[in-house]
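Participant: Contents of target-v2.cif (mmCIF, C-alpha atoms (C1' of nucleotides)) are below:
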data_work
#
loop_
_atom_site.label_atom_id
_atom_site.label_comp_id
_atom_site.auth_asym_id
_atom_site.auth_seq_id
_atom_site.Cartn_x
_atom_site.Cartn_y
_atom_site.Cartn_z
CA MET A 1 172.35 14.98 185.83
CA ASP A 2 169.88 12.57 184.26
CA GLU A 3 168.41 14.05 181.13
CA ASN A 4 164.85 13.87 182.39
CA GLN A 5 165.76 15.36 185.75
CA GLU A 6 167.13 18.28 183.81
CA PHE A 7 163.86 18.62 181.92
CA ILE A 8 161.98 18.73 185.21
CA SER A 9 164.32 21.15 186.90
CA ILE A 10 164.40 23.57 183.98
CA LEU A 11 160.61 23.72 184.09
CA ARG A 12 160.73 24.35 187.84
CA ALA A 13 163.47 26.93 187.55
CA GLU A 14 161.39 28.83 185.03
CA GLY A 15 158.31 28.78 187.23
CA LEU A 16 156.58 26.36 184.87
CA ARG A 17 154.65 23.35 186.13
CA TYR A 18 155.60 19.77 185.53
CA THR A 19 152.62 18.01 183.97
CA TRP A 20 152.21 14.52 182.52
CA GLN A 21 151.20 16.15 179.22
CA ARG A 22 154.52 17.98 178.95
CA GLN A 23 156.41 14.85 179.91
CA ALA A 24 154.51 12.74 177.35
CA ILE A 25 155.08 15.23 174.52
CA TRP A 26 158.78 15.52 175.29
CA ASP A 27 159.07 11.71 175.50
CA GLU A 28 157.30 11.34 172.18
CA ILE A 29 159.54 13.85 170.40
CA LYS A 30 162.66 12.27 171.90
CA SER A 31 161.60 8.81 170.84
CA THR A 32 162.83 8.99 167.24
CA ASP A 33 165.32 10.93 165.11
CA GLU A 34 162.73 11.54 162.40
CA HIS A 35 161.59 15.06 161.64
CA ARG A 36 157.93 14.80 162.49
CA ASP A 37 155.27 17.50 162.55
CA ALA A 38 153.00 18.62 165.39
CA ASP A 39 150.10 16.53 164.18
CA ASP A 40 152.26 13.38 164.03
CA ILE A 41 153.08 13.93 167.68
CA TYR A 42 149.45 14.55 168.56
CA LEU A 43 148.29 11.41 166.73
CA SER A 44 151.06 9.15 168.07
CA LEU A 45 150.17 10.14 171.61
CA LYS A 46 146.48 9.62 170.94
CA GLN A 47 147.15 6.18 169.49
CA ALA A 48 149.11 5.34 172.63
CA GLY A 49 146.06 6.24 174.68
CA LYS A 50 147.45 9.60 175.82
CA THR A 51 144.98 12.03 174.32
CA ILE A 52 146.21 15.59 174.71
CA SER A 53 144.58 18.52 172.97
CA ARG A 54 146.23 19.95 169.89
CA ALA A 55 146.46 23.32 171.65
CA THR A 56 148.54 21.76 174.41
CA VAL A 57 150.76 20.00 171.89
CA TYR A 58 151.48 23.30 170.16
CA ARG A 59 151.96 25.15 173.44
CA THR A 60 154.35 22.52 174.75
CA ILE A 61 156.35 22.54 171.53
CA ASP A 62 156.89 26.26 172.03
CA VAL A 63 158.08 25.64 175.59
CA LEU A 64 160.48 22.94 174.39
CA VAL A 65 161.84 25.26 171.71
CA LYS A 66 162.23 28.16 174.13
CA TYR A 67 164.27 26.15 176.61
CA GLY A 68 166.44 24.47 174.00
CA PHE A 69 165.11 20.90 173.99
CA ILE A 70 163.97 20.91 170.37
CA ARG A 71 164.21 22.94 167.19
CA LYS A 72 161.59 23.83 164.58
CA LEU A 73 162.39 23.14 160.92
CA GLU A 74 160.58 24.34 157.83
CA PHE A 75 161.11 22.59 154.49
CA GLY A 76 158.68 24.68 152.48
CA GLU A 77 155.76 22.34 153.05
CA GLY A 78 153.69 24.87 154.94
CA ARG A 79 154.05 23.22 158.33
CA MET A 80 156.77 22.90 160.91
CA ARG A 81 158.77 19.78 161.53
CA LEU A 82 160.51 19.07 164.80
CA GLU A 83 163.91 17.80 165.77
CA HIS A 84 165.13 17.05 169.29
CA LYS A 85 168.52 18.37 170.38
CA LEU A 86 169.72 15.40 172.45
CA ASP A 87 172.71 15.22 170.15
CA PRO A 88 173.44 18.92 170.17
CA ALA A 89 175.85 19.13 167.21
CA HIS A 90 174.86 21.65 164.58
CA HIS A 91 173.90 20.28 161.19
CA ASP A 92 171.98 21.17 158.06
CA HIS A 93 169.64 19.01 155.98
CA LEU A 94 169.79 17.10 152.73
CA VAL A 95 166.27 16.15 151.64
CA CYS A 96 165.46 13.60 148.93
CA GLU A 97 162.74 15.08 146.75
CA ASN A 98 161.82 11.61 145.61
CA CYS A 99 161.52 9.57 148.80
CA GLY A 100 161.44 12.24 151.50
CA ARG A 101 164.42 10.87 153.37
CA ILE A 102 166.26 13.53 155.37
CA ILE A 103 170.00 13.30 155.96
CA GLU A 104 171.87 15.58 158.33
CA PHE A 105 175.18 17.04 157.23
CA VAL A 106 177.79 19.57 158.34
CA ASP A 107 180.61 21.09 156.34
CA ASP A 108 182.91 23.36 158.28
CA ARG A 109 184.13 25.05 155.13
CA ILE A 110 180.55 26.07 154.29
CA GLU A 111 180.06 27.29 157.86
CA ASP A 112 183.15 29.49 157.58
CA LEU A 113 182.18 30.85 154.17
CA GLN A 114 178.77 31.84 155.51
CA THR A 115 180.36 33.90 158.23
CA ALA A 116 182.66 35.47 155.66
CA VAL A 117 179.73 36.44 153.40
CA CYS A 118 178.05 38.18 156.32
CA GLN A 119 181.20 40.03 157.27
CA GLN A 120 181.63 41.27 153.72
CA HIS A 121 178.27 42.98 154.05
CA GLY A 122 178.99 44.23 157.55
CA PHE A 123 176.37 41.88 158.99
CA GLN A 124 176.66 39.68 162.05
CA LEU A 125 175.37 36.15 161.43
CA THR A 126 172.82 34.96 163.98
CA ARG A 127 171.48 31.78 162.36
CA HIS A 128 171.07 30.17 158.97
CA VAL A 129 168.88 27.81 156.99
CA HIS A 130 170.69 25.57 154.55
CA GLN A 131 168.74 22.85 152.83
CA LEU A 132 169.84 20.76 149.88
CA PHE A 133 167.05 19.15 147.87
CA ALA A 134 168.27 16.26 145.81
CA ARG A 135 167.51 12.84 144.37
CA CYS A 136 168.90 9.85 146.17
CA GLN A 137 170.83 7.13 144.37
CA ALA A 138 167.79 4.90 144.05
CA TYR A 139 165.73 7.34 141.99
CA PRO A 140 163.19 6.56 140.64
CA ASP A 141 162.84 3.33 142.61
CA CYS A 142 163.73 3.71 146.24
CA GLU A 143 163.51 1.11 148.95
CA TYR A 144 163.27 3.86 151.58
CA TYR A 145 160.23 5.29 149.80
CA GLN A 146 158.63 1.85 149.62
CA SER A 147 159.26 1.27 153.32
CA GLN A 148 157.65 4.56 154.32
CA HIS A 149 154.54 4.22 152.17
CA ARG A 150 153.11 0.81 152.85
CA MET B 1 162.63 39.04 121.33
CA ASP B 2 161.04 41.68 123.50
CA GLU B 3 160.54 40.39 127.03
CA ASN B 4 156.80 40.90 126.98
CA GLN B 5 156.45 39.28 123.58
CA GLU B 6 158.12 36.28 125.09
CA PHE B 7 155.62 36.27 127.95
CA ILE B 8 152.76 36.30 125.47
CA SER B 9 154.19 33.63 123.24
CA ILE B 10 155.02 31.27 126.06
CA LEU B 11 151.41 31.47 127.20
CA ARG B 12 150.24 30.78 123.66
CA ALA B 13 152.69 27.94 123.15
CA GLU B 14 151.41 26.29 126.30
CA GLY B 15 147.79 26.59 125.23
CA LEU B 16 147.13 29.20 127.89
CA ARG B 17 145.16 32.35 127.22
CA TYR B 18 146.54 35.84 127.28
CA THR B 19 144.41 37.91 129.65
CA TRP B 20 144.79 41.43 130.99
CA GLN B 21 144.80 39.97 134.50
CA ARG B 22 147.87 37.84 133.77
CA GLN B 23 149.60 40.76 132.12
CA ALA B 24 148.83 43.07 135.04
CA ILE B 25 150.08 40.59 137.64
CA TRP B 26 153.28 39.94 135.72
CA ASP B 27 153.83 43.68 135.26
CA GLU B 28 153.29 44.29 138.96
CA ILE B 29 155.75 41.59 140.01
CA LYS B 30 158.33 42.84 137.51
CA SER B 31 158.01 46.40 138.70
CA THR B 32 160.31 46.14 141.71
CA ASP B 33 163.19 44.02 143.00
CA GLU B 34 161.59 43.68 146.44
CA HIS B 35 160.47 40.31 147.69
CA ARG B 36 156.76 40.91 148.07
CA ASP B 37 153.99 38.48 149.01
CA ALA B 38 150.83 37.59 147.12
CA ASP B 39 148.67 39.97 149.09
CA ASP B 40 151.04 42.87 148.39
CA ILE B 41 150.57 42.21 144.71
CA TYR B 42 146.81 41.93 145.10
CA LEU B 43 146.62 45.20 147.05
CA SER B 44 148.97 47.15 144.76
CA LEU B 45 146.89 46.19 141.77
CA LYS B 46 143.69 47.09 143.57
CA GLN B 47 145.10 50.46 144.57
CA ALA B 48 145.99 51.05 140.93
CA GLY B 49 142.35 50.44 140.04
CA LYS B 50 142.97 46.94 138.66
CA THR B 51 140.93 44.78 140.99
CA ILE B 52 141.67 41.12 140.37
CA SER B 53 140.45 38.40 142.71
CA ARG B 54 142.90 36.85 145.13
CA ALA B 55 142.23 33.46 143.58
CA THR B 56 143.39 34.76 140.21
CA VAL B 57 146.48 36.33 141.76
CA TYR B 58 147.43 33.00 143.32
CA ARG B 59 146.63 31.04 140.16
CA THR B 60 148.66 33.41 138.00
CA ILE B 61 151.60 33.26 140.39
CA ASP B 62 151.63 29.50 139.90
CA VAL B 63 151.64 29.93 136.13
CA LEU B 64 154.52 32.42 136.36
CA VAL B 65 156.48 30.02 138.55
CA LYS B 66 155.78 27.06 136.28
CA TYR B 67 157.08 28.82 133.18
CA GLY B 68 160.12 30.31 134.86
CA PHE B 69 159.18 33.98 135.14
CA ILE B 70 159.30 34.14 138.91
CA ARG B 71 160.39 32.14 141.94
CA LYS B 72 158.70 31.56 145.28
CA LEU B 73 160.71 32.17 148.44
CA GLU B 74 159.90 31.17 152.00
CA PHE B 75 161.64 32.85 154.89
CA GLY B 76 159.81 31.02 157.65
CA GLU B 77 157.13 33.68 157.98
CA GLY B 78 154.26 31.39 157.01
CA ARG B 79 153.68 32.97 153.62
CA MET B 80 155.44 32.99 150.29
CA ARG B 81 157.40 35.87 148.94
CA LEU B 82 158.05 36.38 145.24
CA GLU B 83 161.05 37.30 143.16
CA HIS B 84 161.09 37.89 139.41
CA LYS B 85 163.80 36.26 137.32
CA LEU B 86 164.50 39.06 134.84
CA ASP B 87 168.08 39.02 136.03
CA PRO B 88 168.47 35.26 135.89
CA ALA B 89 171.68 34.86 137.91
CA HIS B 90 171.38 32.46 140.79
CA HIS B 91 171.73 33.91 144.27
CA ASP B 92 170.86 33.18 147.88
CA HIS B 93 169.57 35.54 150.57
CA LEU B 94 170.97 37.38 153.53
CA VAL B 95 168.13 38.68 155.70
CA CYS B 96 168.52 41.26 158.46
CA GLU B 97 166.53 40.05 161.46
CA ASN B 98 166.39 43.57 162.74
CA CYS B 99 165.28 45.68 159.80
CA GLY B 100 164.02 43.07 157.32
CA ARG B 101 166.34 44.15 154.54
CA ILE B 102 167.13 41.32 152.11
CA ILE B 103 170.47 41.18 150.33
CA GLU B 104 171.21 38.74 147.53
CA PHE B 105 174.55 36.94 147.51
CA VAL B 106 176.39 34.19 145.66
CA ASP B 107 179.54 32.38 146.64
CA ASP B 108 180.84 29.92 144.10
CA ARG B 109 182.85 28.06 146.71
CA ILE B 110 179.68 27.40 148.70
CA GLU B 111 177.92 26.30 145.52
CA ASP B 112 180.69 23.79 144.80
CA LEU B 113 180.76 22.48 148.35
CA GLN B 114 177.02 21.85 148.22
CA THR B 115 177.41 19.70 145.17
CA ALA B 116 180.25 17.85 146.86
CA VAL B 117 178.14 17.15 149.96
CA CYS B 118 175.42 15.64 147.80
CA GLN B 119 177.89 13.50 145.88
CA GLN B 120 179.33 12.16 149.10
CA HIS B 121 175.90 10.80 149.92
CA GLY B 122 175.28 9.55 146.40
CA PHE B 123 172.61 12.20 145.86
CA GLN B 124 172.08 14.42 142.86
CA LEU B 125 171.46 18.04 143.82
CA THR B 126 168.34 19.55 142.24
CA ARG B 127 167.94 22.79 144.17
CA HIS B 128 168.83 24.36 147.48
CA VAL B 129 167.66 26.89 150.02
CA HIS B 130 170.38 28.90 151.70
CA GLN B 131 169.37 31.77 153.92
CA LEU B 132 171.59 33.70 156.30
CA PHE B 133 169.79 35.55 159.07
CA ALA B 134 171.91 38.30 160.54
CA ARG B 135 172.02 41.74 162.08
CA CYS B 136 173.04 44.59 159.85
CA GLN B 137 175.73 47.06 160.86
CA ALA B 138 173.22 49.59 162.10
CA TYR B 139 171.69 47.36 164.77
CA PRO B 140 169.87 48.41 166.86
CA ASP B 141 169.24 51.69 165.01
CA CYS B 142 168.84 51.26 161.31
CA GLU B 143 168.04 53.89 158.77
CA TYR B 144 166.64 51.23 156.42
CA TYR B 145 164.21 50.11 159.12
CA GLN B 146 163.17 53.71 159.73
CA SER B 147 162.61 54.30 156.02
CA GLN B 148 160.40 51.22 155.68
CA HIS B 149 158.22 51.86 158.73
CA ARG B 150 157.13 55.45 158.53
"C1'" DT C 1 129.74 34.89 114.13
"C1'" DT C 2 129.54 30.98 116.49
"C1'" DT C 3 131.55 27.59 119.25
"C1'" DC C 4 134.56 25.72 122.50
"C1'" DT C 5 136.66 25.75 126.66
"C1'" DA C 6 140.20 28.21 129.55
"C1'" DT C 7 139.86 31.74 132.86
"C1'" DT C 8 137.71 34.49 136.10
"C1'" DG C 9 135.19 36.04 140.44
"C1'" DT C 10 132.73 34.77 144.37
"C1'" DG C 11 132.54 32.83 148.38
"C1'" DA C 12 133.01 28.61 150.76
"C1'" DA C 13 136.52 25.37 152.30
"C1'" DT C 14 140.96 23.93 154.01
"C1'" DG C 15 144.73 23.27 157.14
"C1'" DA C 16 148.21 24.74 160.23
"C1'" DG C 17 148.43 27.14 164.05
"C1'" DT C 18 146.54 30.50 167.79
"C1'" DC C 19 143.33 32.29 171.08
"C1'" DT C 20 139.65 32.51 174.74
"C1'" DC C 21 137.79 31.02 178.73
"C1'" DA C 22 135.94 28.08 182.14
"C1'" DA C 23 137.43 23.94 184.51
"C1'" DT C 24 141.25 21.51 186.44
"C1'" DA C 25 145.37 20.37 188.77
"C1'" DA C 26 150.27 21.44 190.30
"C1'" DT C 27 152.50 23.70 193.86
"C1'" DA C 28 153.07 26.93 197.73
"C1'" DT C 29 151.45 27.92 202.17
"C1'" DA C 30 149.17 27.45 206.56
"C1'" DT D 1 147.18 17.40 205.39
"C1'" DA D 2 143.99 20.98 203.94
"C1'" DT D 3 143.56 25.15 201.53
"C1'" DA D 4 144.69 28.75 198.50
"C1'" DT D 5 146.82 30.34 194.42
"C1'" DT D 6 147.44 30.44 189.76
"C1'" DA D 7 149.60 27.92 185.74
"C1'" DT D 8 147.85 24.65 182.61
"C1'" DT D 9 144.56 22.22 180.14
"C1'" DG D 10 140.67 21.05 176.76
"C1'" DA D 11 137.21 22.51 173.72
"C1'" DG D 12 136.08 24.83 170.25
"C1'" DA D 13 136.01 29.29 167.99
"C1'" DC D 14 139.05 31.90 165.26
"C1'" DT D 15 142.87 33.55 162.05
"C1'" DC D 16 145.46 33.71 158.05
"C1'" DA D 17 147.35 32.19 153.81
"C1'" DT D 18 145.99 29.58 150.27
"C1'" DT D 19 142.92 26.44 147.50
"C1'" DC D 20 138.67 24.86 145.63
"C1'" DA D 21 133.93 24.53 143.29
"C1'" DC D 22 131.14 26.29 140.18
"C1'" DA D 23 128.56 29.40 137.42
"C1'" DA D 24 129.49 33.34 134.43
"C1'" DT D 25 132.68 35.35 131.21
"C1'" DA D 26 135.72 36.01 127.53
"C1'" DG D 27 139.91 34.50 124.55
"C1'" DA D 28 140.70 32.31 120.37
"C1'" DA D 29 139.79 28.73 116.77
"C1'" DA D 30 136.73 27.61 113.08
#
Rewrite the structure from the file as structure tokens, please.

Facilitator:
Amino acid sequence: MDENQEFISILRAEGLRYTWQRQAIWDEIKSTDEHRDADDIYLSLKQAGKTISRATVYRTIDVLVKYGFIRKLEFGEGRMRLEHKLDPAHHDHLVCENCGRIIEFVDDRIEDLQTAVCQQHGFQLTRHVHQLFARCQAYPDCEYYQSQHR
Amino acid sequence: MDENQEFISILRAEGLRYTWQRQAIWDEIKSTDEHRDADDIYLSLKQAGKTISRATVYRTIDVLVKYGFIRKLEFGEGRMRLEHKLDPAHHDHLVCENCGRIIEFVDDRIEDLQTAVCQQHGFQLTRHVHQLFARCQAYPDCEYYQSQHR
DNA sequence: TTTCTATTGTGAATGAGTCTCAATAATATA
DNA sequence: TATATTATTGAGACTCATTCACAATAGAAA
């Protein structure tokens, strides 16, 4: 099934209504692989002439999270960042503290060791947060940083 | 050198003043191994008759972080939790999503793999956040949970 | 002591996110 | 298609953790 048809039918199946606001917010979040925050989404839509209230943006984000379209991330900045799940593979994040670039990584050995640590304590792992903060090769001069801040 | 002497002399060496408020906040944070938040500290001090403004609590926490006495933690709850560094060994956190219990763990193999992941991307690791959210053995009935909420 | 200025308390401000409620619009039903 | 039902929206008030501005206070140097 077409990805957007699925979006529409999940809403319907859950007794939720299909509105242009929900479609626009989902389209906006899908449109890049960056990890943007709620206000980025709100402002991008506004700039594109689709003004939607902040309340609706936040409410729709929660709907998208609940039905598995997106994921909330928290990098200790005091606000949530978003990530769509079109490519559903699990991954963690490597964040450059200098330029802000975010790289996704997976290491199966780490995944296994996490499960083992939980088992040792008699716990059952439900989810994890694993973030590596680092300096990219270009520190202190970084072309990525330059490109994002001009 | 006595641990508190060191606290006093670091303040002095940095041109900061030694005040009873700073001493009281540091004492309060040192007093347990729990991961409390700023308001817990504020309220505990108040209850002990040492009323210090919230602003001062927050400012002092930043001083304690800056000079390596404590560490800020963020478990996605929208507020910071604190941890003193009297026992300086590095560790990560295993959090029970049911009862809230927090267990500290270290796994050297995970530590090494993290460094390797960074190297593969040409990054230099500066710090990391690794949190395992899990259910403890007692789920859904947990004596720890009972003990904390009555 | 006096002086200098870091620190404090107060209360206002901030910023992300949530809530309330009347108006609106998507969908079910006739 | 018209009408009824009720989920959703927008606006702005509100919350909560944290920060800020500024006048008053109090460490510490001279």

Participant: Starting from the PyMOL selection byres ((chain D and resi 8-22) around 12), expand the selection into actual residues of this file and give them as a count of residues only.

Facilitator: 56

Participant: Using all atoms listed in the file, determine which residues lie at most 12 Å from His93 in chain A, disregarding the query and same-chain residues fewer than 6 positions distant; provide the list as a PyMOL selection string.

Facilitator: (chain A and resi 35+73-75+83+100-107+128-134) or (chain B and resi 114+117-118+121+128-130)

Participant: So which residues get picked by the PyMOL selection byres ((chain A and resi 123) around 10) here, written as a list in words?

Facilitator: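 For this structure, the PyMOL selection byres ((chain A and resi 123) around 10) resolves to Thr115, Ala116, Val117, Cys118, Gln119, Gln120, His121, Gly122, Gln124, Leu125 and Thr126 of chain A; Leu94, Val95, Cys96, Leu132, Phe133, Ala134, Arg135, Cys136, Gln137, Ala138 and Tyr139 of chain B.
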
Participant: Using all atoms listed in the file, pick whichever of A:Glu143, A:Asp92, A:Gly76, A:Tyr67 has the shortest atom-to-atom distance to chain B.

Facilitator: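 Smallest distance to chain B is found for A:Gly76.
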
Participant: Can you pull out every residue within 12 Å of DT3 in chain D, counting all atoms listed in the file, but drop anything in the same chain fewer than 6 positions away, and send it as a PyMOL selection string?

Facilitator: chain C and resi 27-30

Participant: With the file shown as input, list the residues that the PyMOL selection byres ((chain C and resi 5) around 10) selects, as a list in words.

Facilitator: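 Evaluating the PyMOL selection byres ((chain C and resi 5) around 10) on these coordinates yields DT3, DC4, DA6 and DT7 of chain C; DG27 and DA28 of chain D.
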
Participant: Go ahead and dump the residues you just picked, C-alpha atoms (C1' of nucleotides), as a tab-separated table (two decimals), in the coordinates of the input.

Facilitator:
chain	number	residue	atom	x	y	z
C	3	DT	C1'	131.55	27.59	119.25
C	4	DC	C1'	134.56	25.72	122.50
C	6	DA	C1'	140.20	28.21	129.55
C	7	DT	C1'	139.86	31.74	132.86
D	27	DG	C1'	139.91	34.50	124.55
D	28	DA	C1'	140.70	32.31	120.37

Participant: Please indicate the distance in Å from CA of Arg71 in chain B to CA of Leu45 in chain B, rounded to one decimal place.

Facilitator: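 Atom-to-atom, CA of Arg71 in chain B to CA of Leu45 in chain B, that is 19.5 Å.
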
Participant: What does the distance between CA of Ile41 in chain A and CA of Gln23 in chain A come to in Å, to one decimal place?

Facilitator: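 Calculated distance between CA of Ile41 in chain A and CA of Gln23 in chain A is 12.7 Å.
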
Participant: Between CA of Ser31 in chain A and CA of His90 in chain A, what is the spacing in Å?

Facilitator: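 CA of Ser31 in chain A lies 19.5 Å from CA of His90 in chain A.
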